[in-house]
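Below: target04.pdb (PDB, C-alpha atoms and all ligand atoms)
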```
ATOM      1  CA  MET A  23       2.940  21.577 -14.178
ATOM      2  CA  PRO A  24       1.848  24.379 -11.832
ATOM      3  CA  ALA A  25       4.347  25.170  -9.081
ATOM      4  CA  ASN A  26       1.470  25.657  -6.716
ATOM      5  CA  PRO A  27      -1.525  23.424  -6.252
ATOM      6  CA  ILE A  28      -4.869  24.332  -7.714
ATOM      7  CA  ARG A  29      -6.811  25.120  -4.609
ATOM      8  CA  SER A  30     -10.450  24.620  -3.847
ATOM      9  CA  MET A  31     -12.884  27.210  -5.116
ATOM     10  CA  ARG A  32     -15.459  25.892  -2.724
ATOM     11  CA  ILE A  33     -14.410  27.953   0.285
ATOM     12  CA  PRO A  34     -15.134  31.625  -0.296
ATOM     13  CA  GLY A  35     -13.308  34.176   1.784
ATOM     14  CA  GLU A  36     -10.396  31.911   2.514
ATOM     15  CA  PRO A  37      -7.864  33.974   4.467
ATOM     16  CA  PRO A  38      -4.896  34.855   2.208
ATOM     17  CA  SER A  39      -2.537  33.878   5.015
ATOM     18  CA  GLN A  40      -3.550  30.195   4.805
ATOM     19  CA  HIS A  41      -0.550  28.125   3.908
ATOM     20  CA  ALA A  42      -0.527  25.782   0.956
ATOM     21  CA  PRO A  43       2.162  23.275   0.031
ATOM     22  CA  LEU A  44       4.651  24.054  -2.719
ATOM     23  CA  LEU A  45       3.372  21.148  -4.795
ATOM     24  CA  PRO A  46      -0.082  19.519  -4.976
ATOM     25  CA  THR A  47      -0.357  17.194  -2.003
ATOM     26  CA  VAL A  48      -2.635  14.328  -0.992
ATOM     27  CA  VAL A  49      -2.651  13.252   2.657
ATOM     28  CA  PHE A  50      -4.043   9.985   4.020
ATOM     29  CA  ALA A  51      -5.070  10.283   7.628
ATOM     30  CA  SER A  52      -7.261   8.792  10.303
ATOM     31  CA  TYR A  53      -7.455   8.992  14.026
ATOM     32  CA  LYS A  54      -7.608   5.228  14.197
ATOM     33  CA  GLY A  55      -4.934   2.648  13.344
ATOM     34  CA  GLY A  56      -5.279  -0.168  10.842
ATOM     35  CA  VAL A  57      -7.843   1.475   8.554
ATOM     36  CA  TRP A  58      -5.774   0.844   5.378
ATOM     37  CA  LYS A  59      -4.079   4.277   5.177
ATOM     38  CA  THR A  60      -0.753   2.871   4.085
ATOM     39  CA  CYS A  61      -2.366   0.387   1.706
ATOM     40  CA  LEU A  62      -4.436   3.090   0.008
ATOM     41  CA  SER A  63      -1.736   5.761  -0.038
ATOM     42  CA  VAL A  64       0.776   3.395  -1.671
ATOM     43  CA  ALA A  65      -1.817   2.289  -4.234
ATOM     44  CA  VAL A  66      -2.812   5.888  -5.078
ATOM     45  CA  ALA A  67       0.863   6.903  -5.405
ATOM     46  CA  GLU A  68       1.454   3.992  -7.784
ATOM     47  CA  ARG A  69      -1.628   4.812  -9.842
ATOM     48  CA  LEU A  70      -0.553   8.445 -10.185
ATOM     49  CA  ALA A  71       2.944   7.385 -11.238
ATOM     50  CA  MET A  72       1.375   5.096 -13.858
ATOM     51  CA  THR A  73      -0.027   8.206 -15.515
ATOM     52  CA  GLY A  74       3.537   9.477 -15.975
ATOM     53  CA  LEU A  75       3.741  11.739 -12.928
ATOM     54  CA  ARG A  76       6.774  12.124 -10.695
ATOM     55  CA  VAL A  77       5.305  11.248  -7.321
ATOM     56  CA  LEU A  78       6.948  12.102  -4.023
ATOM     57  CA  PHE A  79       5.790   9.629  -1.388
ATOM     58  CA  VAL A  80       6.386  10.861   2.138
ATOM     59  CA  THR A  81       5.833   8.574   5.064
ATOM     60  CA  THR A  82       5.660  10.293   8.424
ATOM     61  CA  ASP A  83       4.835   6.974  10.049
ATOM     62  CA  LYS A  84       7.746   5.737  12.189
ATOM     63  CA  GLN A  85       6.909   2.146  11.283
ATOM     64  CA  GLU A  86       7.816   2.968   7.666
ATOM     65  CA  ASP A  87       5.385   0.299   6.524
ATOM     66  CA  ALA A  88       5.078   2.012   3.173
ATOM     67  CA  ARG A  89       8.643   1.209   2.150
ATOM     68  CA  SER A  90       8.234  -2.517   2.628
ATOM     69  CA  ARG A  91       4.816  -2.399   0.923
ATOM     70  CA  MET A  92       6.586  -0.947  -2.106
ATOM     71  CA  GLY A  93       9.064  -3.802  -2.041
ATOM     72  CA  ILE A  94      11.925  -1.584  -0.877
ATOM     73  CA  PRO A  95      14.404  -3.550   1.254
ATOM     74  CA  PRO A  96      15.418  -2.160   4.671
ATOM     75  CA  GLU A  97      19.043  -1.680   3.553
ATOM     76  CA  ALA A  98      17.997   0.613   0.668
ATOM     77  CA  PRO A  99      19.020   4.287   0.965
ATOM     78  CA  PRO A 100      16.690   6.570   2.962
ATOM     79  CA  ILE A 101      15.516   8.204  -0.255
ATOM     80  CA  ALA A 102      14.603   5.453  -2.695
ATOM     81  CA  ARG A 103      13.300   5.981  -6.215
ATOM     82  CA  ARG A 104      11.225   3.432  -8.110
ATOM     83  CA  GLU A 105      10.075   3.501 -11.669
ATOM     84  CA  CYS A 106       6.399   2.756 -12.027
ATOM     85  CA  GLY A 107       5.228   2.573 -15.610
ATOM     86  CA  PRO A 108       6.067   5.905 -17.285
ATOM     87  CA  GLY A 109       6.332   7.741 -13.961
ATOM     88  CA  THR A 110       8.400   7.513 -10.813
ATOM     89  CA  ILE A 111       7.859   7.324  -7.083
ATOM     90  CA  THR A 112      10.433   8.752  -4.722
ATOM     91  CA  VAL A 113       9.908   7.314  -1.259
ATOM     92  CA  LEU A 114      11.256   8.983   1.816
ATOM     93  CA  SER A 115      10.463   8.924   5.477
ATOM     94  CA  ALA A 116      10.307  12.174   7.373
ATOM     95  CA  ARG A 117       9.454  13.382  10.836
ATOM     96  CA  GLN A 118       6.590  15.857  10.880
ATOM     97  CA  SER A 119       8.924  18.874  11.048
ATOM     98  CA  GLN A 120      10.961  17.531   8.101
ATOM     99  CA  ALA A 121       7.781  16.991   6.102
ATOM    100  CA  ILE A 122       6.841  20.653   6.681
ATOM    101  CA  GLU A 123      10.276  21.764   5.404
ATOM    102  CA  LEU A 124       9.893  19.519   2.385
ATOM    103  CA  LEU A 125       6.317  20.350   1.472
ATOM    104  CA  TYR A 126       5.811  23.964   2.625
ATOM    105  CA  ARG A 127       9.083  25.783   3.328
ATOM    106  CA  GLN A 128      11.801  24.626   0.952
ATOM    107  CA  GLY A 129      10.238  22.142  -1.429
ATOM    108  CA  PRO A 130      11.820  18.956  -2.759
ATOM    109  CA  VAL A 131      14.104  20.712  -5.273
ATOM    110  CA  ARG A 132      15.873  22.926  -2.744
ATOM    111  CA  LEU A 133      16.243  19.959  -0.437
ATOM    112  CA  GLY A 134      17.959  17.980  -3.166
ATOM    113  CA  VAL A 135      15.172  15.447  -3.677
ATOM    114  CA  GLY A 136      14.494  16.640  -7.221
ATOM    115  CA  PRO A 137      11.436  18.042  -8.990
ATOM    116  CA  HIS A 138       8.123  16.272  -8.432
ATOM    117  CA  ASP A 139       4.585  16.777  -9.698
ATOM    118  CA  ILE A 140       2.610  15.666  -6.670
ATOM    119  CA  ALA A 141       3.211  14.504  -3.102
ATOM    120  CA  VAL A 142       1.369  11.677  -1.359
ATOM    121  CA  VAL A 143       1.703  11.593   2.421
ATOM    122  CA  ASP A 144       1.046   8.557   4.621
ATOM    123  CA  THR A 145       0.519   9.535   8.248
ATOM    124  CA  PRO A 146       0.384   7.549  11.476
ATOM    125  CA  PRO A 147      -2.972   7.232  13.227
ATOM    126  CA  GLU A 148      -3.407  10.442  15.161
ATOM    127  CA  GLU A 149      -5.416  13.627  15.231
ATOM    128  CA  HIS A 150      -2.721  15.800  13.606
ATOM    129  CA  GLY A 151      -2.677  13.671  10.463
ATOM    130  CA  GLY A 152      -5.649  15.716   9.298
ATOM    131  CA  HIS A 153      -4.195  19.153  10.077
ATOM    132  CA  LEU A 154      -2.098  20.008   7.007
ATOM    133  CA  PRO A 155      -3.379  23.104   5.167
ATOM    134  CA  GLY A 156      -4.086  23.384   1.458
ATOM    135  CA  VAL A 157      -4.043  19.669   0.699
ATOM    136  CA  LEU A 158      -6.472  17.013  -0.479
ATOM    137  CA  LEU A 159      -7.147  15.087   2.728
ATOM    138  CA  ILE A 160      -8.349  11.508   2.362
ATOM    139  CA  ALA A 161      -9.886  10.895   5.775
ATOM    140  CA  ILE A 162     -10.463   7.210   6.354
ATOM    141  CA  THR A 163     -12.906   5.653   8.770
ATOM    142  CA  ASP A 164     -14.025   2.122   9.524
ATOM    143  CA  GLY A 165     -17.157   3.521  11.095
ATOM    144  CA  THR A 166     -16.393   2.595  14.690
ATOM    145  CA  ASP A 167     -14.488   5.849  15.244
ATOM    146  CA  ALA A 168     -16.979   8.091  13.470
ATOM    147  CA  ALA A 169     -18.725   9.199  16.596
ATOM    148  CA  ARG A 170     -15.880  11.085  18.179
ATOM    149  CA  ASN A 171     -12.297  10.660  17.067
ATOM    150  CA  LEU A 172     -12.739  11.274  13.350
ATOM    151  CA  LEU A 173     -14.798  14.352  14.150
ATOM    152  CA  THR A 174     -12.068  15.619  16.497
ATOM    153  CA  MET A 175      -9.565  15.280  13.674
ATOM    154  CA  LEU A 176     -11.780  16.937  11.078
ATOM    155  CA  GLN A 177     -12.699  19.829  13.354
ATOM    156  CA  GLY A 178      -8.997  20.762  13.315
ATOM    157  CA  THR A 179      -8.638  20.483   9.524
ATOM    158  CA  PRO A 180      -7.719  23.861   7.977
ATOM    159  CA  SER A 181     -10.434  25.454   5.856
ATOM    160  CA  ASN A 182      -8.301  25.467   2.705
ATOM    161  CA  THR A 183      -7.930  21.694   2.803
ATOM    162  CA  ASP A 184     -10.338  19.664   0.676
ATOM    163  CA  ILE A 185     -11.679  16.643   2.537
ATOM    164  CA  THR A 186     -12.785  13.347   1.012
ATOM    165  CA  LEU A 187     -14.191  10.725   3.354
ATOM    166  CA  VAL A 188     -13.511   7.059   2.702
ATOM    167  CA  LYS A 189     -15.196   4.182   4.478
ATOM    168  CA  VAL A 190     -13.365   0.892   4.725
ATOM    169  CA  TRP A 191     -15.085  -2.435   5.407
ATOM    170  CA  GLN A 192     -18.269  -3.273   3.605
ATOM    171  CA  THR A 193     -21.367  -1.289   4.559
ATOM    172  CA  PRO A 194     -24.508  -0.645   2.515
ATOM    173  CA  PRO A 195     -23.728   2.521   0.494
ATOM    174  CA  ALA A 196     -26.956   4.156   1.728
ATOM    175  CA  VAL A 197     -25.894   3.735   5.355
ATOM    176  CA  TRP A 198     -22.474   5.161   4.568
ATOM    177  CA  ALA A 199     -23.996   8.107   2.664
ATOM    178  CA  HIS A 200     -26.114   8.872   5.722
ATOM    179  CA  ASP A 201     -23.055   8.677   8.012
ATOM    180  CA  ALA A 202     -21.008  10.871   5.656
ATOM    181  CA  HIS A 203     -23.721  13.524   5.664
ATOM    182  CA  THR A 204     -23.903  13.359   9.463
ATOM    183  CA  ILE A 205     -20.126  13.887   9.697
ATOM    184  CA  GLN A 206     -20.401  16.947   7.435
ATOM    185  CA  ARG A 207     -23.295  18.359   9.429
ATOM    186  CA  VAL A 208     -21.511  17.935  12.759
ATOM    187  CA  VAL A 209     -18.224  19.390  11.502
ATOM    188  CA  GLY A 210     -20.127  22.113   9.661
ATOM    189  CA  ARG A 211     -18.434  22.009   6.295
ATOM    190  CA  TYR A 212     -18.664  20.399   2.882
ATOM    191  CA  MET A 213     -16.746  17.176   2.301
ATOM    192  CA  GLY A 214     -16.642  14.821  -0.630
ATOM    193  CA  PHE A 215     -17.010  11.122   0.029
ATOM    194  CA  LEU A 216     -16.253   7.965  -1.888
ATOM    195  CA  GLU A 217     -19.740   6.567  -2.391
ATOM    196  CA  ASP A 218     -18.900   2.880  -2.263
ATOM    197  CA  PRO A 219     -17.302   1.632   0.944
ATOM    198  CA  LEU A 220     -14.123  -0.348   0.234
ATOM    199  CA  PRO A 221     -14.454  -4.060   0.943
ATOM    200  CA  GLN A 222     -11.975  -6.458   2.478
ATOM    201  CA  SER A 223      -9.884  -8.478   0.020
ATOM    202  CA  ASP A 224      -7.570 -11.317   1.038
ATOM    203  CA  ALA A 225      -5.543 -10.860  -2.167
ATOM    204  CA  ILE A 226      -4.842  -7.231  -1.244
ATOM    205  CA  LYS A 227      -3.711  -8.169   2.243
ATOM    206  CA  GLU A 228      -1.441 -10.878   0.833
ATOM    207  CA  ALA A 229       0.072  -8.544  -1.772
ATOM    208  CA  HIS A 230       0.892  -5.987   0.880
ATOM    209  CA  ASP A 231       2.411  -8.573   3.193
ATOM    210  CA  GLN A 232       4.721  -9.597   0.331
ATOM    211  CA  GLY A 233       5.648  -6.085  -0.823
ATOM    212  CA  ALA A 234       3.824  -6.565  -4.134
ATOM    213  CA  SER A 235       1.783  -3.900  -5.890
ATOM    214  CA  ILE A 236      -1.967  -4.410  -5.677
ATOM    215  CA  TRP A 237      -2.130  -3.237  -9.321
ATOM    216  CA  THR A 238      -0.589  -6.549 -10.396
ATOM    217  CA  LEU A 239      -3.460  -8.569  -8.857
ATOM    218  CA  ARG A 240      -6.163 -10.358 -10.793
ATOM    219  CA  ARG A 241      -8.986  -7.889 -11.227
ATOM    220  CA  SER A 242     -12.116  -9.527  -9.934
ATOM    221  CA  GLY A 243     -14.479  -9.518  -6.959
ATOM    222  CA  THR A 244     -13.630  -7.388  -3.953
ATOM    223  CA  THR A 245     -10.070  -6.769  -5.216
ATOM    224  CA  MET A 246     -11.551  -4.995  -8.234
ATOM    225  CA  ASP A 247     -13.885  -3.018  -5.961
ATOM    226  CA  VAL A 248     -10.908  -1.761  -3.945
ATOM    227  CA  LEU A 249      -8.961  -0.926  -7.127
ATOM    228  CA  ASN A 250     -11.939   1.026  -8.463
ATOM    229  CA  GLY A 251     -12.041   3.013  -5.227
ATOM    230  CA  VAL A 252      -8.306   3.742  -5.435
ATOM    231  CA  GLU A 253      -8.793   4.712  -9.072
ATOM    232  CA  SER A 254     -11.388   7.302  -8.052
ATOM    233  CA  LEU A 255      -9.123   8.748  -5.362
ATOM    234  CA  ALA A 256      -6.156   8.997  -7.738
ATOM    235  CA  HIS A 257      -8.361  10.616 -10.377
ATOM    236  CA  MET A 258      -9.580  13.141  -7.801
ATOM    237  CA  ALA A 259      -5.968  14.064  -6.989
ATOM    238  CA  TRP A 260      -5.219  14.418 -10.709
ATOM    239  CA  GLN A 261      -8.208  16.704 -11.281
ATOM    240  CA  ARG A 262      -7.245  18.835  -8.316
ATOM    241  CA  MET A 263      -3.826  19.347  -9.936
ATOM    242  CA  GLY A 264      -5.620  20.976 -12.840
ATOM    243  CA  MET A 265      -4.369  18.410 -15.354
ATOM    244  CA  ASP A 266      -6.045  19.068 -18.677
ATOM    245  CA  GLN A 267      -5.180  15.776 -20.433
ATOM    246  CA  PRO A 268      -7.753  12.980 -20.235
ATOM    247  CA  TRP A 269      -7.282  10.574 -17.333
ATOM    248  CA  PRO A 270      -5.285   7.610 -18.685
ATOM    249  CA  ALA A 271      -7.150   4.288 -18.458
ATOM    250  CA  MET A 272      -6.205   1.784 -15.767
ATOM    251  CA  PRO A 273      -3.210  -0.154 -17.158
ATOM    252  CA  SER A 274      -3.460  -3.949 -17.329
ATOM    253  CA  PRO A 275      -1.999  -5.966 -14.415
ATOM    254  CA  LYS A 276       0.929  -7.086 -16.614
ATOM    255  CA  ALA A 277       1.706  -3.543 -17.732
ATOM    256  CA  THR A 278       1.819  -2.348 -14.154
ATOM    257  CA  LYS A 279       4.638  -4.604 -13.041
ATOM    258  CA  VAL A 280       6.878  -2.391 -10.977
ATOM    259  CA  TYR A 281      10.587  -2.642 -10.594
ATOM    260  CA  VAL A 282      13.296  -0.868  -8.696
ATOM    261  CA  LYS A 283      16.267   0.348 -10.703
ATOM    262  CA  GLY A 284      19.497  -1.150  -9.467
ATOM    263  CA  TRP A 285      17.747  -3.696  -7.272
ATOM    264  CA  ASP A 286      15.781  -5.655  -9.804
ATOM    265  CA  PRO A 287      17.759  -7.784 -12.266
ATOM    266  CA  ASN A 288      15.190  -7.076 -14.992
ATOM    267  CA  ALA A 289      15.288  -3.317 -14.522
TER     268      ALA A 289
HETATM  269  N1  LIG B 301      -8.743  -4.027   1.204
HETATM  270  C1  LIG B 301      -8.140  -4.743   2.142
HETATM  271  N2  LIG B 301      -8.606  -5.970   2.480
HETATM  272  C2  LIG B 301      -8.025  -6.682   3.464
HETATM  273  N3  LIG B 301      -6.987  -6.275   4.198
HETATM  274  C3  LIG B 301      -6.487  -5.078   3.908
HETATM  275  C4  LIG B 301      -7.022  -4.241   2.876
HETATM  276  N4  LIG B 301      -6.298  -3.105   2.843
HETATM  277  C5  LIG B 301      -5.368  -3.231   3.796
HETATM  278  N5  LIG B 301      -5.477  -4.402   4.439
HETATM  279  C6  LIG B 301      -4.659  -4.918   5.541
HETATM  280  O1  LIG B 301      -5.084  -4.303   6.763
HETATM  281  C7  LIG B 301      -3.960  -4.091   7.602
HETATM  282  C8  LIG B 301      -3.912  -2.624   7.987
HETATM  283  O2  LIG B 301      -3.685  -1.872   6.788
HETATM  284  P1  LIG B 301      -2.672  -0.658   6.749
HETATM  285  O3  LIG B 301      -1.377  -1.020   7.413
HETATM  286  O4  LIG B 301      -2.639  -0.158   5.362
HETATM  287  O5  LIG B 301      -3.459   0.350   7.699
HETATM  288  P2  LIG B 301      -2.926   1.683   8.369
HETATM  289  O6  LIG B 301      -4.140   2.525   8.556
HETATM  290  O7  LIG B 301      -1.805   2.243   7.586
HETATM  291  O8  LIG B 301      -2.391   1.153   9.759
HETATM  292  P3  LIG B 301      -1.531   2.005  10.833
HETATM  293  O9  LIG B 301      -2.535   2.832  11.518
HETATM  294  O10 LIG B 301      -0.936   0.929  11.691
HETATM  295  O11 LIG B 301      -0.523   2.809  10.075
HETATM  296  C9  LIG B 301      -2.730  -4.547   6.822
HETATM  297  O12 LIG B 301      -2.390  -5.845   7.221
HETATM  298  C10 LIG B 301      -3.198  -4.536   5.379
HETATM  299  O13 LIG B 301      -2.526  -5.500   4.582
HETATM  300 MG    MG B 302       0.108   2.820   8.170
END
```

What's the structure tokens form of this structure?
Amino acid sequence: MPANPIRSMRIPGEPPSQHAPLLPTVVFASYKGGVWKTCLSVAVAERLAMTGLRVLFVTTDKQEDARSRMGIPPEAPPIARRECGPGTITVLSARQSQAIELLYRQGPVRLGVGPHDIAVVDTPPEEHGGHLPGVLLIAITDGTDAARNLLTMLQGTPSNTDITLVKVWQTPPAVWAHDAHTIQRVVGRYMGFLEDPLPQSDAIKEAHDQGASIWTLRRSGTTMDVLNGVESLAHMAWQRMGMDQPWPAMPSPKATKVYVKGWDPNA
């Protein structure tokens, strides 16, 4: 695994002084609250772990929603490790300055968290969520913030960060494609975007409320549409790592049952 992330070739003349994290990093950010950042970041982290990767999940959100979504009880140690298929997810919460130490200055090994292949970062809703350099930024919008706040965030995104726009709540894909192009034109840079907006799914909401993985849900209707979207985002992160193996197929819901060593009687 490369010690440094494979960085975008799309931005010529990138200043050599631009910082990049010590391991490939995916950041979920929005200016607005409640646009499924935590839901999507947890699901992408799980999907990456299912491919056998050692995933470091960093939540900089004080609410620490991500821990409960992963079924980790409040009394669990601050750094909790779960097995997820052939891979692992290490979950830790960090203030922004601690996340910088962990991702850019010292790295997880020197800080005693152990070697990891990729980091996934869940951020609280605010402008600075989109300001980490050298990462894959998944910028989420529900459309109502597109006019101003999302643009404010993206205008401060470092040039060596790759941006992928995601639209949550159902919208005709053609309308979303138009909006995504408008966002790129206004910000003045290339961005990828997930073509199909992610729809609402009651089963996904329920799973998250109960701390269950959305990968264990029955794969039909809008739940499947959301899983397909997450699949694309996880695959994007994998490709950006420069992985040369083929992308492993989505495991079946039964195969993706997750457990926490030491906490789960079946583990
Ligand atoms: N696809 C979905 N369909 C329906 N509800 C969803 C879906 N994804 C997430 N939710 C629900 O929407 C709510 C907000 O999601 P989530 O907490 O992931 O957003 P967030 O952007 O992390 O919020 P915050 O800004 O507060 O951190 C949660 O109750 C979650 O269960
Ligand atoms: Mg959240």

Could the residues of chain A that have an atom at most 10 Å from ligand LIG 301 (chain B) be listed as a tab-separated table, each with its closest atom pair and the distance in Å to one decimal, counting all atoms listed in the file and ordered by chain and ascending residue number?
```
residue	atom	partner	partner_atom	distance
A:Phe50	CA	B:LIG301	O6	8.7
A:Ala51	CA	B:LIG301	O6	7.9
A:Ser52	CA	B:LIG301	O6	7.2
A:Tyr53	CA	B:LIG301	O9	8.3
A:Lys54	CA	B:LIG301	O9	6.2
A:Gly55	CA	B:LIG301	O9	3.0
A:Gly56	CA	B:LIG301	O8	3.4
A:Val57	CA	B:LIG301	O6	3.8
A:Trp58	CA	B:LIG301	O4	3.3
A:Lys59	CA	B:LIG301	O6	3.8
A:Thr60	CA	B:LIG301	O7	3.7
A:Cys61	CA	B:LIG301	O4	3.7
A:Leu62	CA	B:LIG301	O4	6.5
A:Ser63	CA	B:LIG301	O4	8.1
A:Val64	CA	B:LIG301	O4	8.6
A:Ala65	CA	B:LIG301	O4	9.9
A:Thr81	CA	B:LIG301	O11	9.9
A:Thr82	CA	B:LIG301	O11	9.8
A:Asp83	CA	B:LIG301	O11	6.8
A:Lys84	CA	B:LIG301	O11	9.0
A:Gln85	CA	B:LIG301	O11	7.6
A:Glu86	CA	B:LIG301	O11	8.7
A:Asp87	CA	B:LIG301	O3	6.9
A:Ala88	CA	B:LIG301	O7	8.2
A:Arg91	CA	B:LIG301	O13	8.8
A:Asp144	CA	B:LIG301	O7	7.5
A:Thr145	CA	B:LIG301	O11	7.0
A:Pro146	CA	B:LIG301	O11	5.0
A:Pro147	CA	B:LIG301	O9	4.7
A:Glu148	CA	B:LIG301	O9	8.5
A:Ile162	CA	B:LIG301	O6	8.2
A:Thr163	CA	B:LIG301	O6	9.3
A:Asp164	CA	B:LIG301	O6	9.9
A:Val190	CA	B:LIG301	N1	7.6
A:Trp191	CA	B:LIG301	N1	7.8
A:Gln192	CA	B:LIG301	N1	9.9
A:Leu220	CA	B:LIG301	N1	6.6
A:Pro221	CA	B:LIG301	N1	5.7
A:Gln222	CA	B:LIG301	N2	3.4
A:Ser223	CA	B:LIG301	N2	3.7
A:Asp224	CA	B:LIG301	C2	5.3
A:Ala225	CA	B:LIG301	N2	7.4
A:Ile226	CA	B:LIG301	C1	5.3
A:Lys227	CA	B:LIG301	O13	3.7
A:Glu228	CA	B:LIG301	O13	6.6
A:Ala229	CA	B:LIG301	O13	7.5
A:His230	CA	B:LIG301	O13	5.1
A:Asp231	CA	B:LIG301	O13	6.0
A:Gln232	CA	B:LIG301	O13	9.3
A:Gly233	CA	B:LIG301	O13	9.8
A:Ile236	CA	B:LIG301	N4	9.6
A:Thr244	CA	B:LIG301	N1	7.9
A:Thr245	CA	B:LIG301	N1	7.1
A:Met246	CA	B:LIG301	N1	9.9
A:Asp247	CA	B:LIG301	N1	8.9
A:Val248	CA	B:LIG301	N1	6.0
A:Leu249	CA	B:LIG301	N1	8.9
```

Residue selection dump (C-alpha atoms) as a PDB file, in the frame of the given file:
```pdb
ATOM      1  CA  PHE A  50      -4.043   9.985   4.020  1.00  0.00           C
ATOM      2  CA  ALA A  51      -5.070  10.283   7.628  1.00  0.00           C
ATOM      3  CA  SER A  52      -7.261   8.792  10.303  1.00  0.00           C
ATOM      4  CA  TYR A  53      -7.455   8.992  14.026  1.00  0.00           C
ATOM      5  CA  LYS A  54      -7.608   5.228  14.197  1.00  0.00           C
ATOM      6  CA  GLY A  55      -4.934   2.648  13.344  1.00  0.00           C
ATOM      7  CA  GLY A  56      -5.279  -0.168  10.842  1.00  0.00           C
ATOM      8  CA  VAL A  57      -7.843   1.475   8.554  1.00  0.00           C
ATOM      9  CA  TRP A  58      -5.774   0.844   5.378  1.00  0.00           C
ATOM     10  CA  LYS A  59      -4.079   4.277   5.177  1.00  0.00           C
ATOM     11  CA  THR A  60      -0.753   2.871   4.085  1.00  0.00           C
ATOM     12  CA  CYS A  61      -2.366   0.387   1.706  1.00  0.00           C
ATOM     13  CA  LEU A  62      -4.436   3.090   0.008  1.00  0.00           C
ATOM     14  CA  SER A  63      -1.736   5.761  -0.038  1.00  0.00           C
ATOM     15  CA  VAL A  64       0.776   3.395  -1.671  1.00  0.00           C
ATOM     16  CA  ALA A  65      -1.817   2.289  -4.234  1.00  0.00           C
ATOM     17  CA  THR A  81       5.833   8.574   5.064  1.00  0.00           C
ATOM     18  CA  THR A  82       5.660  10.293   8.424  1.00  0.00           C
ATOM     19  CA  ASP A  83       4.835   6.974  10.049  1.00  0.00           C
ATOM     20  CA  LYS A  84       7.746   5.737  12.189  1.00  0.00           C
ATOM     21  CA  GLN A  85       6.909   2.146  11.283  1.00  0.00           C
ATOM     22  CA  GLU A  86       7.816   2.968   7.666  1.00  0.00           C
ATOM     23  CA  ASP A  87       5.385   0.299   6.524  1.00  0.00           C
ATOM     24  CA  ALA A  88       5.078   2.012   3.173  1.00  0.00           C
ATOM     25  CA  ARG A  91       4.816  -2.399   0.923  1.00  0.00           C
ATOM     26  CA  ASP A 144       1.046   8.557   4.621  1.00  0.00           C
ATOM     27  CA  THR A 145       0.519   9.535   8.248  1.00  0.00           C
ATOM     28  CA  PRO A 146       0.384   7.549  11.476  1.00  0.00           C
ATOM     29  CA  PRO A 147      -2.972   7.232  13.227  1.00  0.00           C
ATOM     30  CA  GLU A 148      -3.407  10.442  15.161  1.00  0.00           C
ATOM     31  CA  ILE A 162     -10.463   7.210   6.354  1.00  0.00           C
ATOM     32  CA  THR A 163     -12.906   5.653   8.770  1.00  0.00           C
ATOM     33  CA  ASP A 164     -14.025   2.122   9.524  1.00  0.00           C
ATOM     34  CA  VAL A 190     -13.365   0.892   4.725  1.00  0.00           C
ATOM     35  CA  TRP A 191     -15.085  -2.435   5.407  1.00  0.00           C
ATOM     36  CA  GLN A 192     -18.269  -3.273   3.605  1.00  0.00           C
ATOM     37  CA  LEU A 220     -14.123  -0.348   0.234  1.00  0.00           C
ATOM     38  CA  PRO A 221     -14.454  -4.060   0.943  1.00  0.00           C
ATOM     39  CA  GLN A 222     -11.975  -6.458   2.478  1.00  0.00           C
ATOM     40  CA  SER A 223      -9.884  -8.478   0.020  1.00  0.00           C
ATOM     41  CA  ASP A 224      -7.570 -11.317   1.038  1.00  0.00           C
ATOM     42  CA  ALA A 225      -5.543 -10.860  -2.167  1.00  0.00           C
ATOM     43  CA  ILE A 226      -4.842  -7.231  -1.244  1.00  0.00           C
ATOM     44  CA  LYS A 227      -3.711  -8.169   2.243  1.00  0.00           C
ATOM     45  CA  GLU A 228      -1.441 -10.878   0.833  1.00  0.00           C
ATOM     46  CA  ALA A 229       0.072  -8.544  -1.772  1.00  0.00           C
ATOM     47  CA  HIS A 230       0.892  -5.987   0.880  1.00  0.00           C
ATOM     48  CA  ASP A 231       2.411  -8.573   3.193  1.00  0.00           C
ATOM     49  CA  GLN A 232       4.721  -9.597   0.331  1.00  0.00           C
ATOM     50  CA  GLY A 233       5.648  -6.085  -0.823  1.00  0.00           C
ATOM     51  CA  ILE A 236      -1.967  -4.410  -5.677  1.00  0.00           C
ATOM     52  CA  THR A 244     -13.630  -7.388  -3.953  1.00  0.00           C
ATOM     53  CA  THR A 245     -10.070  -6.769  -5.216  1.00  0.00           C
ATOM     54  CA  MET A 246     -11.551  -4.995  -8.234  1.00  0.00           C
ATOM     55  CA  ASP A 247     -13.885  -3.018  -5.961  1.00  0.00           C
ATOM     56  CA  VAL A 248     -10.908  -1.761  -3.945  1.00  0.00           C
ATOM     57  CA  LEU A 249      -8.961  -0.926  -7.127  1.00  0.00           C
TER      58      LEU A 249
END
```

* Given all atoms listed in the file as the counted atoms, nearest of A:Ile101, A:Gly134, A:Asp139, A:Met72 to Met263 of chain A ->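 For Met263 of chain A, the nearest of the candidates is A:Asp139.
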
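As for atom CA of Val77 of chain A and atom CA of Val142 of chain A, they are spaced 7.2 Å apart.
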
* Using only C-alpha atoms and all ligand atoms, pick whichever of A:Arg89, A:His153, A:Arg104, A:Arg211 has the shortest atom-to-atom distance to ligand MG 302 (chain B). =>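 Under the stated criterion, the closest residue is A:Arg89.
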
* Grab the atom CA of Leu216 of chain A to atom CA of Val252 of chain A distance for me, in Å with one decimal place. => 9.7 Å

* Any idea what's packed within 12 Å of Ala271 of chain A, counting all atoms listed in the file, ignoring anything in its chain fewer than 4 positions away? Could you give it as a list in words? ->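 Listing them by chain and then by number gives Arg69, Leu70, Met72, Thr73, Asn250, Glu253, Ser254, Ala256, His257, Gln267, Ala277 and Thr278 of chain A.
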
* Asked: Just how far from atom CA of Ile140 of chain A is atom CA of Leu154 of chain A, in Å to one decimal?
  ->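 Going from atom CA of Leu154 of chain A over to atom CA of Ile140 of chain A covers 15.1 Å.
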